[in-house]
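Colleague: Here you go, upload-v3.cif (mmCIF, C-alpha atoms and all ligand atoms):
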```
data_entry
loop_
_atom_site.label_atom_id
_atom_site.label_comp_id
_atom_site.auth_asym_id
_atom_site.auth_seq_id
_atom_site.Cartn_x
_atom_site.Cartn_y
_atom_site.Cartn_z
CA MET Z 1 -90.60 150.64 -8.81
CA VAL Z 2 -92.91 148.64 -6.57
CA HIS Z 3 -96.11 150.23 -5.38
CA ALA Z 4 -97.44 149.84 -1.86
CA PRO Z 5 -101.24 149.97 -1.57
CA ALA Z 6 -102.43 153.56 -2.07
CA ARG Z 7 -103.76 155.33 0.99
CA ALA Z 8 -106.82 157.55 0.66
CA ALA Z 9 -105.86 161.12 -0.25
CA ALA Z 10 -106.00 163.51 2.68
CA GLY Z 11 -109.40 165.14 2.91
CA SER Z 12 -111.31 162.39 1.00
CA PRO Z 13 -114.69 161.71 2.56
CA SER Z 14 -114.99 158.47 4.49
CA ILE Z 15 -116.40 155.53 2.55
CA ARG Z 16 -120.17 155.16 3.07
CA ILE Z 17 -120.76 152.51 0.45
CA ASN Z 18 -117.98 150.05 -0.17
CA LEU Z 19 -118.31 148.27 -3.50
CA TYR Z 20 -114.54 148.00 -3.89
CA SER Z 21 -114.31 144.35 -2.95
CA ASP Z 22 -115.98 141.61 -0.91
CA THR Z 23 -112.70 141.49 1.01
CA GLN Z 24 -113.57 144.80 2.71
CA THR Z 25 -116.12 143.41 5.18
CA ARG Z 26 -115.50 143.97 8.89
CA PRO Z 27 -116.02 141.16 11.40
CA THR Z 28 -119.30 141.64 13.25
CA THR Z 29 -119.64 141.65 17.02
CA ALA Z 30 -121.16 138.16 16.88
CA MET Z 31 -118.20 136.87 14.86
CA LYS Z 32 -115.76 138.53 17.26
CA ASN Z 33 -117.57 136.92 20.20
CA ALA Z 34 -117.13 133.52 18.54
CA MET Z 35 -113.41 134.29 18.15
CA MET Z 36 -113.13 135.35 21.82
CA ALA Z 37 -114.69 132.06 22.94
CA ALA Z 38 -112.49 129.84 20.74
CA GLU Z 39 -110.69 126.92 22.32
CA VAL Z 40 -107.10 127.09 21.07
CA GLY Z 41 -103.80 125.18 21.02
CA ASP Z 42 -100.59 125.11 19.00
CA GLU Z 43 -101.68 124.80 15.38
CA GLN Z 44 -98.15 123.99 14.12
CA HIS Z 45 -98.22 120.91 16.34
CA GLY Z 46 -101.71 119.90 15.24
CA ASP Z 47 -103.02 120.74 18.72
CA ASP Z 48 -105.56 123.47 17.97
CA PRO Z 49 -109.05 121.93 18.34
CA THR Z 50 -110.85 124.80 16.58
CA VAL Z 51 -108.55 124.59 13.54
CA ASP Z 52 -109.06 120.82 13.49
CA ARG Z 53 -112.82 121.31 13.61
CA LEU Z 54 -112.69 123.76 10.70
CA CYS Z 55 -110.46 121.47 8.60
CA ASP Z 56 -112.66 118.40 9.26
CA ARG Z 57 -115.77 120.34 8.37
CA MET Z 58 -114.23 121.72 5.17
CA ALA Z 59 -112.92 118.31 4.07
CA GLN Z 60 -116.44 116.97 4.45
CA LEU Z 61 -118.09 119.97 2.73
CA LEU Z 62 -115.72 119.68 -0.23
CA GLY Z 63 -115.83 115.87 -0.37
CA LYS Z 64 -112.09 115.43 0.19
CA GLU Z 65 -110.11 113.32 2.68
CA ALA Z 66 -108.29 116.12 4.47
CA ALA Z 67 -107.78 119.88 4.67
CA ILE Z 68 -105.25 122.45 5.84
CA PHE Z 69 -105.80 125.95 7.27
CA LEU Z 70 -103.76 128.72 5.64
CA PRO Z 71 -103.61 132.48 6.21
CA SER Z 72 -104.75 133.47 2.70
CA GLY Z 73 -106.09 132.28 -0.61
CA THR Z 74 -102.87 133.24 -2.31
CA MET Z 75 -100.98 130.93 0.01
CA CYS Z 76 -103.42 128.12 -0.89
CA ASN Z 77 -102.52 128.57 -4.56
CA VAL Z 78 -98.78 128.82 -3.88
CA VAL Z 79 -98.85 125.72 -1.66
CA ALA Z 80 -100.98 123.80 -4.18
CA LEU Z 81 -98.83 124.64 -7.21
CA ASN Z 82 -95.69 123.66 -5.32
CA THR Z 83 -97.26 120.44 -4.06
CA HIS Z 84 -98.56 119.36 -7.48
CA CYS Z 85 -95.66 120.49 -9.69
CA ARG Z 86 -91.89 120.38 -10.08
CA ALA Z 87 -89.75 123.19 -11.47
CA GLY Z 88 -89.98 123.29 -15.27
CA ASP Z 89 -93.55 122.00 -15.37
CA GLU Z 90 -96.35 123.75 -17.22
CA VAL Z 91 -99.70 124.65 -15.66
CA LEU Z 92 -102.75 125.19 -17.91
CA ALA Z 93 -104.94 128.07 -16.76
CA HIS Z 94 -106.96 130.99 -18.11
CA GLU Z 95 -104.96 134.08 -19.10
CA THR Z 96 -106.80 136.11 -16.44
CA ALA Z 97 -106.18 133.56 -13.63
CA HIS Z 98 -105.17 134.93 -10.24
CA ILE Z 99 -102.10 132.63 -10.21
CA LEU Z 100 -100.89 134.40 -13.37
CA THR Z 101 -101.98 138.01 -12.78
CA SER Z 102 -102.05 138.65 -9.06
CA GLU Z 103 -99.59 136.56 -7.06
CA GLY Z 104 -96.38 138.51 -7.65
CA GLY Z 105 -95.08 135.91 -10.10
CA SER Z 106 -94.88 133.29 -7.32
CA HIS Z 107 -95.53 130.48 -9.82
CA ALA Z 108 -92.20 131.38 -11.43
CA ALA Z 109 -90.33 132.74 -8.41
CA ILE Z 110 -91.17 129.92 -5.99
CA ALA Z 111 -92.55 126.93 -7.92
CA GLY Z 112 -90.44 127.49 -11.05
CA VAL Z 113 -93.37 126.59 -13.29
CA GLN Z 114 -94.72 128.29 -16.39
CA ILE Z 115 -98.35 128.93 -17.13
CA ASN Z 116 -99.89 128.23 -20.53
CA ALA Z 117 -102.42 131.09 -20.63
CA LEU Z 118 -105.62 129.87 -22.28
CA ARG Z 119 -108.19 132.22 -23.77
CA GLY Z 120 -111.95 132.40 -23.69
CA PRO Z 121 -114.74 134.84 -22.84
CA ARG Z 122 -115.59 135.68 -19.19
CA GLY Z 123 -112.51 133.98 -17.73
CA LEU Z 124 -113.66 130.57 -18.99
CA PHE Z 125 -112.39 128.22 -21.70
CA ASP Z 126 -113.83 125.09 -23.27
CA ALA Z 127 -112.68 121.54 -23.92
CA ASP Z 128 -111.54 122.33 -27.49
CA THR Z 129 -109.30 125.14 -26.23
CA LEU Z 130 -107.78 122.83 -23.62
CA ARG Z 131 -107.27 119.99 -26.15
CA ALA Z 132 -105.56 122.40 -28.56
CA ALA Z 133 -103.04 123.27 -25.81
CA ILE Z 134 -101.89 119.68 -25.25
CA ARG Z 135 -98.21 119.36 -26.17
CA ALA Z 136 -96.50 116.40 -27.73
CA ARG Z 137 -94.51 114.48 -25.12
CA THR Z 138 -91.05 115.10 -26.43
CA ARG Z 139 -87.92 116.08 -24.55
CA TYR Z 140 -88.29 119.56 -26.06
CA ALA Z 141 -91.66 120.33 -24.51
CA PRO Z 142 -92.23 121.31 -20.88
CA PRO Z 143 -94.03 118.56 -18.98
CA GLN Z 144 -97.67 119.59 -18.58
CA THR Z 145 -98.77 118.51 -15.11
CA LEU Z 146 -101.62 120.65 -13.78
CA LEU Z 147 -104.96 122.08 -14.89
CA GLU Z 148 -106.13 125.06 -12.82
CA ILE Z 149 -109.50 126.82 -12.92
CA GLU Z 150 -111.18 129.53 -10.80
CA GLN Z 151 -114.72 128.98 -9.57
CA THR Z 152 -115.97 131.72 -9.90
CA ALA Z 153 -113.73 133.44 -12.46
CA ASN Z 154 -112.80 136.75 -10.83
CA ILE Z 155 -111.61 138.92 -13.72
CA GLY Z 156 -114.15 137.01 -15.82
CA GLY Z 157 -116.85 138.95 -13.93
CA GLY Z 158 -117.66 136.36 -11.27
CA ALA Z 159 -118.68 133.92 -14.02
CA ILE Z 160 -119.65 130.39 -13.02
CA TRP Z 161 -118.06 127.44 -14.83
CA PRO Z 162 -120.91 125.09 -15.80
CA LEU Z 163 -120.61 121.70 -14.13
CA ALA Z 164 -120.68 119.97 -17.55
CA THR Z 165 -117.65 121.99 -18.73
CA LEU Z 166 -115.76 121.17 -15.53
CA GLY Z 167 -116.52 117.48 -16.14
CA GLU Z 168 -115.16 117.64 -19.71
CA LEU Z 169 -112.01 119.50 -18.63
CA THR Z 170 -111.20 117.19 -15.73
CA ALA Z 171 -111.78 114.14 -17.98
CA ILE Z 172 -109.17 115.52 -20.42
CA ALA Z 173 -106.79 116.20 -17.52
CA ARG Z 174 -107.23 112.65 -16.21
CA SER Z 175 -106.59 111.10 -19.58
CA GLU Z 176 -103.41 113.20 -19.93
CA GLY Z 177 -102.28 112.27 -16.41
CA TRP Z 178 -102.45 115.87 -15.16
CA ALA Z 179 -103.42 116.87 -11.64
CA THR Z 180 -106.34 119.29 -11.23
CA HIS Z 181 -106.66 122.30 -8.91
CA MET Z 182 -109.70 124.50 -8.29
CA ASP Z 183 -109.12 128.04 -7.01
CA GLY Z 184 -112.39 128.28 -5.09
CA ALA Z 185 -111.87 131.77 -3.67
CA ARG Z 186 -115.61 132.36 -4.32
CA LEU Z 187 -116.72 128.73 -4.63
CA MET Z 188 -119.68 129.29 -2.28
CA ASN Z 189 -120.97 132.09 -4.53
CA ALA Z 190 -121.00 129.62 -7.42
CA CYS Z 191 -122.74 126.97 -5.30
CA ILE Z 192 -125.42 129.28 -3.87
CA ALA Z 193 -126.14 130.83 -7.29
CA SER Z 194 -126.37 127.46 -9.10
CA GLY Z 195 -127.80 125.28 -6.34
CA ILE Z 196 -124.95 122.79 -6.88
CA LYS Z 197 -123.38 121.27 -3.74
CA PRO Z 198 -119.72 122.21 -3.08
CA ALA Z 199 -118.59 118.56 -3.11
CA ASP Z 200 -120.25 118.03 -6.52
CA MET Z 201 -118.78 121.24 -7.91
CA CYS Z 202 -115.21 120.13 -7.13
CA ALA Z 203 -115.70 116.37 -7.48
CA GLY Z 204 -113.26 115.99 -10.39
CA PHE Z 205 -110.52 118.07 -8.73
CA ASP Z 206 -107.55 116.78 -6.75
CA SER Z 207 -107.36 119.99 -4.71
CA VAL Z 208 -109.68 122.88 -3.98
CA TRP Z 209 -109.75 125.80 -1.57
CA LEU Z 210 -112.21 128.32 -0.21
CA ASP Z 211 -111.48 131.86 0.95
CA PHE Z 212 -113.17 133.04 4.14
CA THR Z 213 -112.43 136.69 3.40
CA LYS Z 214 -114.37 136.95 0.12
CA GLY Z 215 -117.89 137.79 1.14
CA LEU Z 216 -117.97 135.32 4.03
CA GLY Z 217 -116.93 138.07 6.41
CA ALA Z 218 -113.93 136.58 8.23
CA PRO Z 219 -110.84 138.74 8.86
CA LEU Z 220 -108.42 136.16 7.45
CA GLY Z 221 -108.08 132.53 6.53
CA ALA Z 222 -108.57 130.03 3.72
CA VAL Z 223 -108.79 126.23 3.70
CA LEU Z 224 -107.19 123.96 1.09
CA ALA Z 225 -108.53 120.42 0.75
CA GLY Z 226 -107.39 117.24 -1.01
CA SER Z 227 -106.29 113.65 -0.37
CA HIS Z 228 -104.44 112.67 2.83
CA ASP Z 229 -101.26 112.33 0.79
CA PHE Z 230 -101.69 115.75 -0.89
CA ILE Z 231 -102.42 117.55 2.39
CA GLY Z 232 -99.47 115.81 4.08
CA ARG Z 233 -97.16 117.19 1.38
CA ALA Z 234 -98.90 120.57 1.48
CA TRP Z 235 -97.95 120.83 5.17
CA ARG Z 236 -94.27 120.91 4.23
CA TRP Z 237 -94.92 123.87 1.89
CA LYS Z 238 -96.96 125.60 4.60
CA GLN Z 239 -93.93 125.27 6.88
CA ARG Z 240 -91.50 126.42 4.19
CA LEU Z 241 -93.57 129.50 3.36
CA GLY Z 242 -93.95 130.50 7.00
CA GLY Z 243 -97.66 129.73 7.01
CA SER Z 244 -97.66 127.46 10.07
CA MET Z 245 -99.35 129.29 12.91
CA ARG Z 246 -99.84 128.94 16.67
CA GLN Z 247 -103.15 129.72 18.42
CA ALA Z 248 -104.87 130.04 15.05
CA GLY Z 249 -108.16 128.75 16.47
CA ILE Z 250 -109.00 132.41 17.13
CA CYS Z 251 -109.14 132.85 13.35
CA ALA Z 252 -110.62 129.43 12.56
CA ALA Z 253 -113.51 130.29 14.90
CA ALA Z 254 -114.39 133.22 12.63
CA CYS Z 255 -114.39 130.86 9.63
CA LEU Z 256 -116.66 128.37 11.42
CA TYR Z 257 -118.96 131.27 12.30
CA ALA Z 258 -118.97 132.29 8.62
CA LEU Z 259 -119.94 128.76 7.54
CA ASP Z 260 -122.87 128.81 9.97
CA HIS Z 261 -124.14 132.33 9.25
CA ASN Z 262 -122.81 133.85 6.04
CA VAL Z 263 -123.14 131.25 3.29
CA GLU Z 264 -126.89 131.12 2.53
CA ARG Z 265 -127.05 134.93 2.60
CA LEU Z 266 -124.73 135.14 -0.44
CA ALA Z 267 -128.04 134.94 -2.36
CA ASP Z 268 -128.75 138.51 -1.11
CA ASP Z 269 -125.45 139.69 -2.59
CA HIS Z 270 -126.35 138.12 -5.92
CA ALA Z 271 -129.79 139.80 -5.87
CA ASN Z 272 -128.13 143.15 -5.09
CA ALA Z 273 -125.67 142.62 -7.96
CA ARG Z 274 -128.55 141.89 -10.36
CA SER Z 275 -130.45 145.02 -9.29
CA LEU Z 276 -127.29 147.11 -9.67
CA ALA Z 277 -126.82 145.73 -13.19
CA ALA Z 278 -130.49 146.38 -14.05
CA GLY Z 279 -130.31 149.96 -12.73
CA LEU Z 280 -127.06 150.71 -14.57
CA ARG Z 281 -128.45 149.29 -17.80
CA ARG Z 282 -131.18 151.95 -17.72
CA LEU Z 283 -128.53 154.73 -17.72
CA PRO Z 284 -127.56 156.11 -21.15
CA GLY Z 285 -124.23 154.82 -22.51
CA VAL Z 286 -123.53 152.35 -19.70
CA ASP Z 287 -122.70 148.82 -20.91
CA VAL Z 288 -123.25 146.21 -18.24
CA GLU Z 289 -122.47 142.51 -18.16
CA GLU Z 290 -125.22 140.45 -16.54
CA PRO Z 291 -123.68 139.14 -13.29
CA ASP Z 292 -123.74 135.40 -12.46
CA THR Z 293 -122.81 136.17 -8.85
CA ASN Z 294 -121.63 139.21 -6.85
CA LEU Z 295 -119.31 141.01 -9.27
CA VAL Z 296 -120.74 143.65 -11.62
CA PHE Z 297 -118.48 144.82 -14.45
CA PHE Z 298 -119.51 147.78 -16.57
CA ASP Z 299 -118.13 150.11 -19.17
CA VAL Z 300 -118.80 153.86 -19.30
CA VAL Z 301 -116.89 154.87 -22.44
CA ARG Z 302 -120.09 155.34 -24.47
CA ALA Z 303 -121.37 157.58 -21.67
CA GLY Z 304 -118.49 159.95 -22.45
CA THR Z 305 -116.32 159.25 -19.41
CA THR Z 306 -113.66 156.75 -18.32
CA ALA Z 307 -113.63 154.18 -15.54
CA PRO Z 308 -110.92 156.01 -13.51
CA ALA Z 309 -112.81 159.34 -13.82
CA LEU Z 310 -116.09 157.77 -12.67
CA GLN Z 311 -114.29 155.94 -9.87
CA ALA Z 312 -112.79 159.24 -8.61
CA ALA Z 313 -116.14 161.07 -8.84
CA LEU Z 314 -117.87 158.30 -6.88
CA ARG Z 315 -115.09 158.24 -4.28
CA ALA Z 316 -115.63 161.98 -3.74
CA GLU Z 317 -119.22 161.05 -2.77
CA GLY Z 318 -118.03 158.35 -0.38
CA ILE Z 319 -118.68 155.43 -2.74
CA ALA Z 320 -115.74 153.08 -3.35
CA THR Z 321 -115.48 150.99 -6.54
CA SER Z 322 -112.59 149.37 -8.40
CA VAL Z 323 -111.23 149.53 -11.94
CA LEU Z 324 -110.06 146.27 -13.51
CA GLY Z 325 -108.73 146.04 -17.04
CA GLY Z 326 -110.17 149.49 -17.91
CA ARG Z 327 -113.68 148.54 -16.75
CA MET Z 328 -115.55 149.49 -13.61
CA ARG Z 329 -116.09 146.74 -11.06
CA ALA Z 330 -118.63 146.92 -8.26
CA CYS Z 331 -118.71 144.08 -5.78
CA THR Z 332 -121.63 143.28 -3.46
CA HIS Z 333 -121.12 141.67 -0.04
CA LEU Z 334 -122.56 141.50 3.45
CA ASP Z 335 -121.86 145.15 4.25
CA VAL Z 336 -123.81 146.33 1.16
CA SER Z 337 -127.60 146.77 1.43
CA ALA Z 338 -130.34 147.18 -1.20
CA PRO Z 339 -130.80 150.94 -0.40
CA MET Z 340 -127.03 151.42 -0.94
CA ILE Z 341 -127.45 149.91 -4.42
CA GLU Z 342 -130.23 152.41 -5.25
CA GLU Z 343 -128.06 155.25 -3.96
CA THR Z 344 -125.14 154.10 -6.10
CA ILE Z 345 -127.26 153.89 -9.27
CA ALA Z 346 -128.56 157.43 -8.60
CA ALA Z 347 -125.03 158.76 -8.00
CA ILE Z 348 -123.71 157.23 -11.23
CA GLY Z 349 -126.70 158.62 -13.14
CA ARG Z 350 -125.97 162.09 -11.72
CA ILE Z 351 -122.25 161.92 -12.48
CA ILE Z 352 -122.55 160.78 -16.10
CA GLY Z 353 -125.41 163.26 -16.67
CA ARG Z 354 -123.16 166.21 -15.76
C1 LIG I 401 -108.82 136.92 -3.96
C2 LIG I 401 -108.47 135.79 -4.84
C3 LIG I 401 -107.35 135.01 -4.55
C4 LIG I 401 -106.39 135.30 -3.42
O1 LIG I 401 -106.98 135.25 -2.16
P1 LIG I 401 -106.38 136.12 -0.94
O2 LIG I 401 -107.09 135.57 0.24
O3 LIG I 401 -106.69 137.54 -1.25
O4 LIG I 401 -104.91 135.86 -0.90
C5 LIG I 401 -107.08 133.95 -5.39
N1 LIG I 401 -107.89 133.65 -6.43
C6 LIG I 401 -108.97 134.38 -6.72
C7 LIG I 401 -109.84 133.99 -7.87
C8 LIG I 401 -109.30 135.48 -5.94
O5 LIG I 401 -110.37 136.22 -6.26
#
```
Show me this structure written as structure tokens.
Modeller:
Amino acid sequence: MVHAPARAAAGSPSIRINLYSDTQTRPTTAMKNAMMAAEVGDEQHGDDPTVDRLCDRMAQLLGKEAAIFLPSGTMCNVVALNTHCRAGDEVLAHETAHILTSEGGSHAAIAGVQINALRGPRGLFDADTLRAAIRARTRYAPPQTLLEIEQTANIGGGAIWPLATLGELTAIARSEGWATHMDGARLMNACIASGIKPADMCAGFDSVWLDFTKGLGAPLGAVLAGSHDFIGRAWRWKQRLGGSMRQAGICAAACLYALDHNVERLADDHANARSLAAGLRRLPGVDVEEPDTNLVFFDVVRAGTTAPALQAALRAEGIATSVLGGRMRACTHLDVSAPMIEETIAAIGRIIGR
């Protein structure tokens, strides 16, 4: 049985504090005004000036030759895997990677590739782990063709891959002749938190994308960047998957607005995440991972409750959170303020004290 997204139970209070995900932000009036004013054309024909402006700006920001506008981050990954790989190939990625856990099996269903699921704490792995996964080039082994990493690692707790590790991994990939792909859903969070420029962060990667709906506040859209040749081939996959659009400048305008107004302020989300972690750590029996960015994972088993029970109790107070892999996840973003963090800490303290 396949589950559609759950709707809120009848009679649940409306959500006052939304820590469920940084995808839950609503476009502001200023962003909507930018969308209303967008100059548009037929994007499928390459005639939408606002989409072109966004793609040029993203190619420059990410230090790549070209870029392509897609409706979602998932489609960026699906397009990239299909562009880099042939059926029967093997992709090397962390066992918690979005391409493996959260894309409906598209790597197998559409690209026909398998994923070698590498292990390591916080959604990260090191050079030794990658080297140990290299297969002998015999006719028995699947051809290994792509290294994929997430910056930041989502299920890893928003962990940032250190630049030095990325350099070691991409050097191994190059010497093996593999392509390299960075899932940069939250790349800007990594860049703002570390002070490393986006182009430097993805310098060793053949392709990289950024999501405009993860904390940047846009209603939809993601941009995938790479070489002219890669993006040319990616366009065929965009067409095949039904991702070519028409007057998409309306949406690209929201992404341009996000680049101008919502990137630097990610630092506020990281500060809010740190104060949430600090407040939770003071509560008895709550085990908190120190957040690198805007995702706070914590465990409440020692406090005598379970993540689903705490999630339900918070939801009854109008506070939305998520449960991932049996742990609580609270995500900060531009619709979450410092007072809301204090209120959440107090509510959790009350609930586990009952
Ligand atoms: C959210 C996410 C995606 C998918 O992006 P959508 O825009 O939701 O399709 C891919 N990778 C990671 C790491 C994500 O967090």
Colleague: Rank nothing, just name the residue among Z:Asp22, Z:Asp89, Z:Asp269, Z:Glu43 nearest to Trp235 in chain Z, using all atoms listed in the file.
Modeller: Z:Glu43
Colleague: Taking all atoms listed in the file and a cut-off of 9 Å, can you tell me which residues surround ligand LIG 401 (chain I), written as a ChimeraX atom specification?
Modeller: /Z:23,71-77,97-99,102-103,149-155,158,183-186,210-214,220-222
Colleague: Could those residues be written to a file, using C-alpha atoms, as a PDB file, keeping the file's coordinate frame?
Modeller:
```pdb
ATOM      1  CA  THR Z  23    -112.700 141.490   1.010  1.00  0.00           C
ATOM      2  CA  PRO Z  71    -103.610 132.480   6.210  1.00  0.00           C
ATOM      3  CA  SER Z  72    -104.750 133.470   2.700  1.00  0.00           C
ATOM      4  CA  GLY Z  73    -106.090 132.280  -0.610  1.00  0.00           C
ATOM      5  CA  THR Z  74    -102.870 133.240  -2.310  1.00  0.00           C
ATOM      6  CA  MET Z  75    -100.980 130.930   0.010  1.00  0.00           C
ATOM      7  CA  CYS Z  76    -103.420 128.120  -0.890  1.00  0.00           C
ATOM      8  CA  ASN Z  77    -102.520 128.570  -4.560  1.00  0.00           C
ATOM      9  CA  ALA Z  97    -106.180 133.560 -13.630  1.00  0.00           C
ATOM     10  CA  HIS Z  98    -105.170 134.930 -10.240  1.00  0.00           C
ATOM     11  CA  ILE Z  99    -102.100 132.630 -10.210  1.00  0.00           C
ATOM     12  CA  SER Z 102    -102.050 138.650  -9.060  1.00  0.00           C
ATOM     13  CA  GLU Z 103     -99.590 136.560  -7.060  1.00  0.00           C
ATOM     14  CA  ILE Z 149    -109.500 126.820 -12.920  1.00  0.00           C
ATOM     15  CA  GLU Z 150    -111.180 129.530 -10.800  1.00  0.00           C
ATOM     16  CA  GLN Z 151    -114.720 128.980  -9.570  1.00  0.00           C
ATOM     17  CA  THR Z 152    -115.970 131.720  -9.900  1.00  0.00           C
ATOM     18  CA  ALA Z 153    -113.730 133.440 -12.460  1.00  0.00           C
ATOM     19  CA  ASN Z 154    -112.800 136.750 -10.830  1.00  0.00           C
ATOM     20  CA  ILE Z 155    -111.610 138.920 -13.720  1.00  0.00           C
ATOM     21  CA  GLY Z 158    -117.660 136.360 -11.270  1.00  0.00           C
ATOM     22  CA  ASP Z 183    -109.120 128.040  -7.010  1.00  0.00           C
ATOM     23  CA  GLY Z 184    -112.390 128.280  -5.090  1.00  0.00           C
ATOM     24  CA  ALA Z 185    -111.870 131.770  -3.670  1.00  0.00           C
ATOM     25  CA  ARG Z 186    -115.610 132.360  -4.320  1.00  0.00           C
ATOM     26  CA  LEU Z 210    -112.210 128.320  -0.210  1.00  0.00           C
ATOM     27  CA  ASP Z 211    -111.480 131.860   0.950  1.00  0.00           C
ATOM     28  CA  PHE Z 212    -113.170 133.040   4.140  1.00  0.00           C
ATOM     29  CA  THR Z 213    -112.430 136.690   3.400  1.00  0.00           C
ATOM     30  CA  LYS Z 214    -114.370 136.950   0.120  1.00  0.00           C
ATOM     31  CA  LEU Z 220    -108.420 136.160   7.450  1.00  0.00           C
ATOM     32  CA  GLY Z 221    -108.080 132.530   6.530  1.00  0.00           C
ATOM     33  CA  ALA Z 222    -108.570 130.030   3.720  1.00  0.00           C
TER      34      ALA Z 222
END
```
Colleague: Taking all atoms listed in the file into account, which of Z:Leu19, Z:Met201, Z:Ala225, Z:Val300 comes nearest Ala330 in chain Z?
Modeller: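 Selected residue with least distance to Ala330 in chain Z: Z:Leu19.
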Colleague: Quick one, how far is CA of Pro143 in chain Z from CA of Leu118 in chain Z?
Modeller: 16.5 Å
Colleague: List as a list of chain:residue names the protein and nucleic acid residues near Ala66 in chain Z, meaning an atom at most 6 Å away when all atoms listed in the file are counted, but skip any in the same chain fewer than 3 places from it.
Modeller: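 Surrounding residues, per the criterion: Z:Ala59, Z:Ala225, Z:Gly226, Z:Ser227, Z:His228.
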Colleague: Show which residues sit within 10 Å of Asp52 in chain Z, as a ChimeraX atom specification. Count only C-alpha atoms, and ignore same-chain residues fewer than 4 positions away.
Modeller: /Z:43,46-48,56-58,67-69,249,252
Colleague: Quick one, how far is CA of Ala312 in chain Z from CA of Gly123 in chain Z?
Modeller: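 Distance between the two atoms: 26.9 Å.
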Colleague: Could you tell me how far CA of Leu61 in chain Z sits from CA of Leu147 in chain Z, in Å to one decimal place?
Modeller: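 Between CA of Leu147 in chain Z and CA of Leu61 in chain Z the gap works out to 22.1 Å.
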Colleague: Would you please work out which residue, of Z:Gly285, Z:Pro27, Z:Gly195, Z:Pro308, is nearest to Arg327 in chain Z when using all atoms listed in the file?
Modeller: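 Result for the nearest residue to Arg327 in chain Z: Z:Pro308.
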Colleague: Name the closest residue to Gly63 in chain Z among the candidates Z:Leu295, Z:Ala111, Z:Leu276, Z:Cys202; distances are taken between atoms, counting only C-alpha atoms.
Modeller: Z:Cys202
Colleague: Restricting the calculation to all atoms listed in the file, which member of Z:Met31, Z:Ala347, Z:Leu81, Z:Cys251 is positioned closest to Met182 in chain Z?
Modeller: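 Closest to Met182 in chain Z, using all atoms listed in the file: Z:Leu81.
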Colleague: Check the smallest atom-to-atom distance from each of Z:Ala159, Z:Ala316, Z:Met340, Z:Ala108 to Asn189 in chain Z using all atoms listed in the file, then report the winner.
Modeller: Z:Ala159
Colleague: Can you tell me which residues surround Leu241 in chain Z at a distance of at most 9 Å, considering all atoms listed in the file, apart from same-chain residues fewer than 3 positions away, and format the answer as a CSV table (one decimal) with C-alpha atoms, in the frame of the given file?
Modeller:
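Writing the result to around.csv gives the following:
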```
chain,number,residue,atom,x,y,z
Z,75,MET,CA,-101.0,130.9,0.0
Z,78,VAL,CA,-98.8,128.8,-3.9
Z,79,VAL,CA,-98.8,125.7,-1.7
Z,236,ARG,CA,-94.3,120.9,4.2
Z,237,TRP,CA,-94.9,123.9,1.9
Z,238,LYS,CA,-97.0,125.6,4.6
Z,244,SER,CA,-97.7,127.5,10.1
```
Colleague: With a distance cut-off of 9 Å and only C-alpha atoms, select the neighbouring residues of Gly326 in chain Z, excluding the residue or stretch itself and same-chain residues fewer than 2 positions from it, and output the selection as JSON, numbers by chain.
Modeller: {"Z": [299, 306, 307, 308, 323, 324, 328]}
Colleague: Name the residues in contact with Ile319 in chain Z at a cut-off of 7 Å, using only C-alpha atoms, excluding same-chain residues fewer than 5 positions from it; report them as a ChimeraX atom specification.
Modeller: /Z:15-18,314
Colleague: Using only C-alpha atoms, collect all residues at a distance of at most 6 Å from (-110.2, 120.9, -9.3) as written in the file, then present them as a list of chain:residue names.
Modeller: Z:Thr180, Z:His181, Z:Met182, Z:Cys202, Z:Gly204, Z:Phe205, Z:Asp206, Z:Ser207, Z:Val208
